[in-house]
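Asker: A single structure is presented below for examination.
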Amino acid sequence: NAGVTQTPKFQVLKTGQSMTLQCAQDMNHEYMSWYRQDPGMGLRLIHYSVGAGITDQGEVPNGYNVSRSTTEDFPLRLLSAAPSQTSVYFCASSGRVARNTGELFFGEGSRLTVL
Amino acid sequence: AQSVTQLGSHVSVSEGALVLLRCNYSSSVPPYLFWYVQYPNQGLQLLLKYTSAATLVKGINGFEAEFKKSETSFHLTKPSAHMSDAAEYFCAVRNYGGATNKLIFGTGTLLAVQP
């Protein structure tokens, strides 16, 4: 049972480059989300989705784009990377909102460095 | 808006000593509360959750937490620390009956266990 899978695990970018962080879950979860983790700031929500075709912004959405064309996948796109986007990114998912208490299942993280 | 505050970004205890990690929440509606643990270079794992049933919640690895509405607290405890408990711990809150499974995280407490 793979759970939540993130790729790549490590990435180095130059300022201005674009890239996509991939996230896939095999638990048929409706809810998926992206967080970034920075020292002393905990986890901050970037974007989230409550189902295929539906996305919304979290606390820190600027500079990031998402789409949800399937239940399984929720990629995070960095449009033009900046050093301030150096962080560890986590994808997390959970089952249908009305039927559960919101426990999130996390991937192992993607460490991004922007030079 | 909901929020959680974790008091103490770093806590150090001796092996065998009591572990107490503090979390206070702010919520205008009954909350769901969570404690997650993050071991080095890994994703977050659920330790325990409060979902408006019993106020004393038992989790994995001997941890427990007590929901105290009068104090708006959800502190995490373990009677006897083990070296393997060294990790970062995050408290999180979400809306009861909310439209999403959006979790708001605290800034984390890094627990060190001294031999």
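Letters A, B, ... go to the chains of the structure tokens in the order shown; residues in each chain start at 1; ligands are counted from 1 in the same order.
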Give me, as a ChimeraX atom specification, all polymer residues having an atom no more than 12 Å from Gln2 (chain B), counting only C-alpha atoms and skipping those fewer than 2 positions away in the same chain.

Answerer: /B:4-5,24-33,72,92-96,98,102-106

Asker: Skipping near chain neighbours, those fewer than 4 positions away, what residues fall within 12 Å of Glu103 (chain A) using only C-alpha atoms, listed as a compact mmCIF listing (two decimals) with C-alpha atoms, in the first residue's frame?

Answerer:
# COMPACT_ATOMS: atom_id res chain seq x y z
CA HIS A 29 -9.14 10.16 -1.03
CA TYR A 31 -9.27 15.75 -0.20
CA MET A 32 -5.68 16.62 -1.15
CA ALA A 92 -1.33 15.28 2.26
CA SER A 93 -4.68 13.62 1.64
CA SER A 94 -7.74 12.45 3.53
CA GLY A 95 -11.01 10.72 2.88
CA ARG A 96 -14.46 12.13 2.29
CA VAL A 97 -15.07 15.12 4.54
CA ARG A 99 -17.38 10.69 6.83
CA TYR B 32 -11.07 18.63 16.15
CA LEU B 33 -7.50 18.54 17.48
CA PHE B 34 -4.53 16.50 16.39
CA TRP B 35 -0.96 15.77 17.38
CA TYR B 36 1.45 14.71 14.64
CA LEU B 44 4.22 13.58 9.46
CA GLN B 45 2.50 10.71 11.23
CA LEU B 46 -0.64 10.96 13.31
CA LEU B 47 -0.03 10.40 17.04
CA LEU B 48 -3.57 10.96 18.28
CA LYS B 49 -6.73 12.96 17.68
CA TYR B 50 -9.59 14.49 19.66
CA THR B 51 -12.98 14.29 17.97
CA ALA B 92 -3.16 20.99 14.60
CA VAL B 93 -6.82 22.07 14.58
CA ARG B 94 -9.68 21.86 12.09
CA ASN B 95 -13.30 22.89 11.97
CA THR B 100 -12.95 20.85 4.06
CA ASN B 101 -10.34 18.83 5.89
CA LYS B 102 -8.11 21.87 6.12
CA LEU B 103 -5.80 21.57 9.13
CA ILE B 104 -4.08 24.55 10.75

Asker: Quick check: residues of chain A within 12 Å of chain B, only C-alpha atoms, returned as a JSON list (two decimals) with C-alpha atoms, in the first residue's frame.

Answerer:
[["chain", "number", "residue", "atom", "x", "y", "z"],
["A", 3, "GLY", "CA", -0.27, 5.76, 0.38],
["A", 4, "VAL", "CA", 0.86, 9.25, -0.67],
["A", 5, "THR", "CA", 3.79, 9.37, -3.07],
["A", 6, "GLN", "CA", 5.74, 12.53, -3.84],
["A", 9, "LYS", "CA", 12.42, 13.95, -3.20],
["A", 10, "PHE", "CA", 15.13, 16.53, -3.89],
["A", 29, "HIS", "CA", -9.14, 10.16, -1.03],
["A", 30, "GLU", "CA", -11.25, 13.12, -2.06],
["A", 31, "TYR", "CA", -9.27, 15.75, -0.20],
["A", 32, "MET", "CA", -5.68, 16.62, -1.15],
["A", 33, "SER", "CA", -3.47, 19.48, -0.11],
["A", 34, "TRP", "CA", -0.01, 20.97, -0.32],
["A", 35, "TYR", "CA", 1.91, 22.41, 2.62],
["A", 36, "ARG", "CA", 5.31, 23.99, 2.87],
["A", 37, "GLN", "CA", 7.45, 23.57, 5.96],
["A", 38, "ASP", "CA", 9.95, 26.23, 7.00],
["A", 39, "PRO", "CA", 11.99, 26.39, 10.22],
["A", 40, "GLY", "CA", 10.10, 28.05, 13.05],
["A", 41, "MET", "CA", 6.95, 28.44, 10.97],
["A", 42, "GLY", "CA", 5.43, 24.99, 11.08],
["A", 43, "LEU", "CA", 3.41, 23.86, 8.09],
["A", 44, "ARG", "CA", 1.55, 26.41, 6.01],
["A", 45, "LEU", "CA", -1.17, 25.48, 3.56],
["A", 46, "ILE", "CA", -0.50, 26.42, -0.06],
["A", 47, "HIS", "CA", -3.47, 24.98, -2.00],
["A", 48, "TYR", "CA", -6.04, 22.31, -1.45],
["A", 49, "SER", "CA", -8.68, 20.35, -3.34],
["A", 50, "VAL", "CA", -11.90, 18.72, -2.16],
["A", 51, "GLY", "CA", -12.32, 16.66, -5.31],
["A", 54, "ILE", "CA", -12.07, 21.69, -7.54],
["A", 55, "THR", "CA", -9.15, 23.61, -6.07],
["A", 56, "ASP", "CA", -8.80, 26.50, -3.66],
["A", 57, "GLN", "CA", -6.12, 28.67, -2.11],
["A", 58, "GLY", "CA", -4.61, 28.21, 1.31],
["A", 59, "GLU", "CA", -2.55, 30.63, 3.40],
["A", 88, "VAL", "CA", 10.26, 21.30, 2.16],
["A", 89, "TYR", "CA", 6.95, 20.59, 0.50],
["A", 90, "PHE", "CA", 4.45, 18.03, 1.77],
["A", 91, "CYS", "CA", 1.44, 16.62, 0.03],
["A", 92, "ALA", "CA", -1.33, 15.28, 2.26],
["A", 93, "SER", "CA", -4.68, 13.62, 1.64],
["A", 94, "SER", "CA", -7.74, 12.45, 3.53],
["A", 95, "GLY", "CA", -11.01, 10.72, 2.88],
["A", 96, "ARG", "CA", -14.46, 12.13, 2.29],
["A", 97, "VAL", "CA", -15.07, 15.12, 4.54],
["A", 98, "ALA", "CA", -18.50, 14.13, 5.78],
["A", 99, "ARG", "CA", -17.38, 10.69, 6.83],
["A", 100, "ASN", "CA", -14.23, 11.33, 8.76],
["A", 101, "THR", "CA", -12.54, 13.59, 11.24],
["A", 102, "GLY", "CA", -10.03, 15.04, 8.85],
["A", 103, "GLU", "CA", -6.97, 12.99, 9.64],
["A", 104, "LEU", "CA", -4.36, 13.76, 7.01],
["A", 105, "PHE", "CA", -2.00, 11.22, 5.48],
["A", 106, "PHE", "CA", 1.32, 12.74, 4.45],
["A", 107, "GLY", "CA", 3.88, 11.99, 1.80],
["A", 108, "GLU", "CA", 7.57, 11.92, 2.66],
["A", 109, "GLY", "CA", 8.24, 15.40, 1.39],
["A", 110, "SER", "CA", 10.07, 17.11, -1.47],
["A", 111, "ARG", "CA", 13.06, 19.26, -0.55]]

Asker: How many Å lie between CA of Ala81 (chain A) and CA of Ala24 (chain A), rounded to one decimal?

Answerer: 22.4 Å

Asker: One decimal, in Å: what's the spacing between CA of Glu72 (chain A) and CA of Gln22 (chain A)?

Answerer: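 So the two atoms, CA of Glu72 (chain A) and CA of Gln22 (chain A), lie 10.8 Å apart.
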
Asker: Please identify all polymer residues within 9 Å of Pro75 (chain A), counting only C-alpha atoms, omitting same-chain residues fewer than 4 positions from it, and present them as a PyMOL selection string.

Answerer: chain A and resi 20-24+34+65-68

Asker: Distance CA of Ala65 (chain B)-CA of Ala112 (chain B), one decimal place?

Answerer: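 Answer for the CA of Ala65 (chain B) to CA of Ala112 (chain B) separation: 19.1 Å.
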
Asker: May I have all residues of region 8-66 of chain A that DSSP, computed from the backbone, assigns to strand (DSSP E), given as JSON, numbers by chain?

Answerer: {"A": [10, 11, 12, 13, 19, 20, 21, 22, 23, 24, 25, 31, 32, 33, 34, 35, 36, 37, 38, 42, 43, 44, 45, 46, 47, 48, 49, 50, 51, 54, 55, 56, 57, 64, 65, 66]}
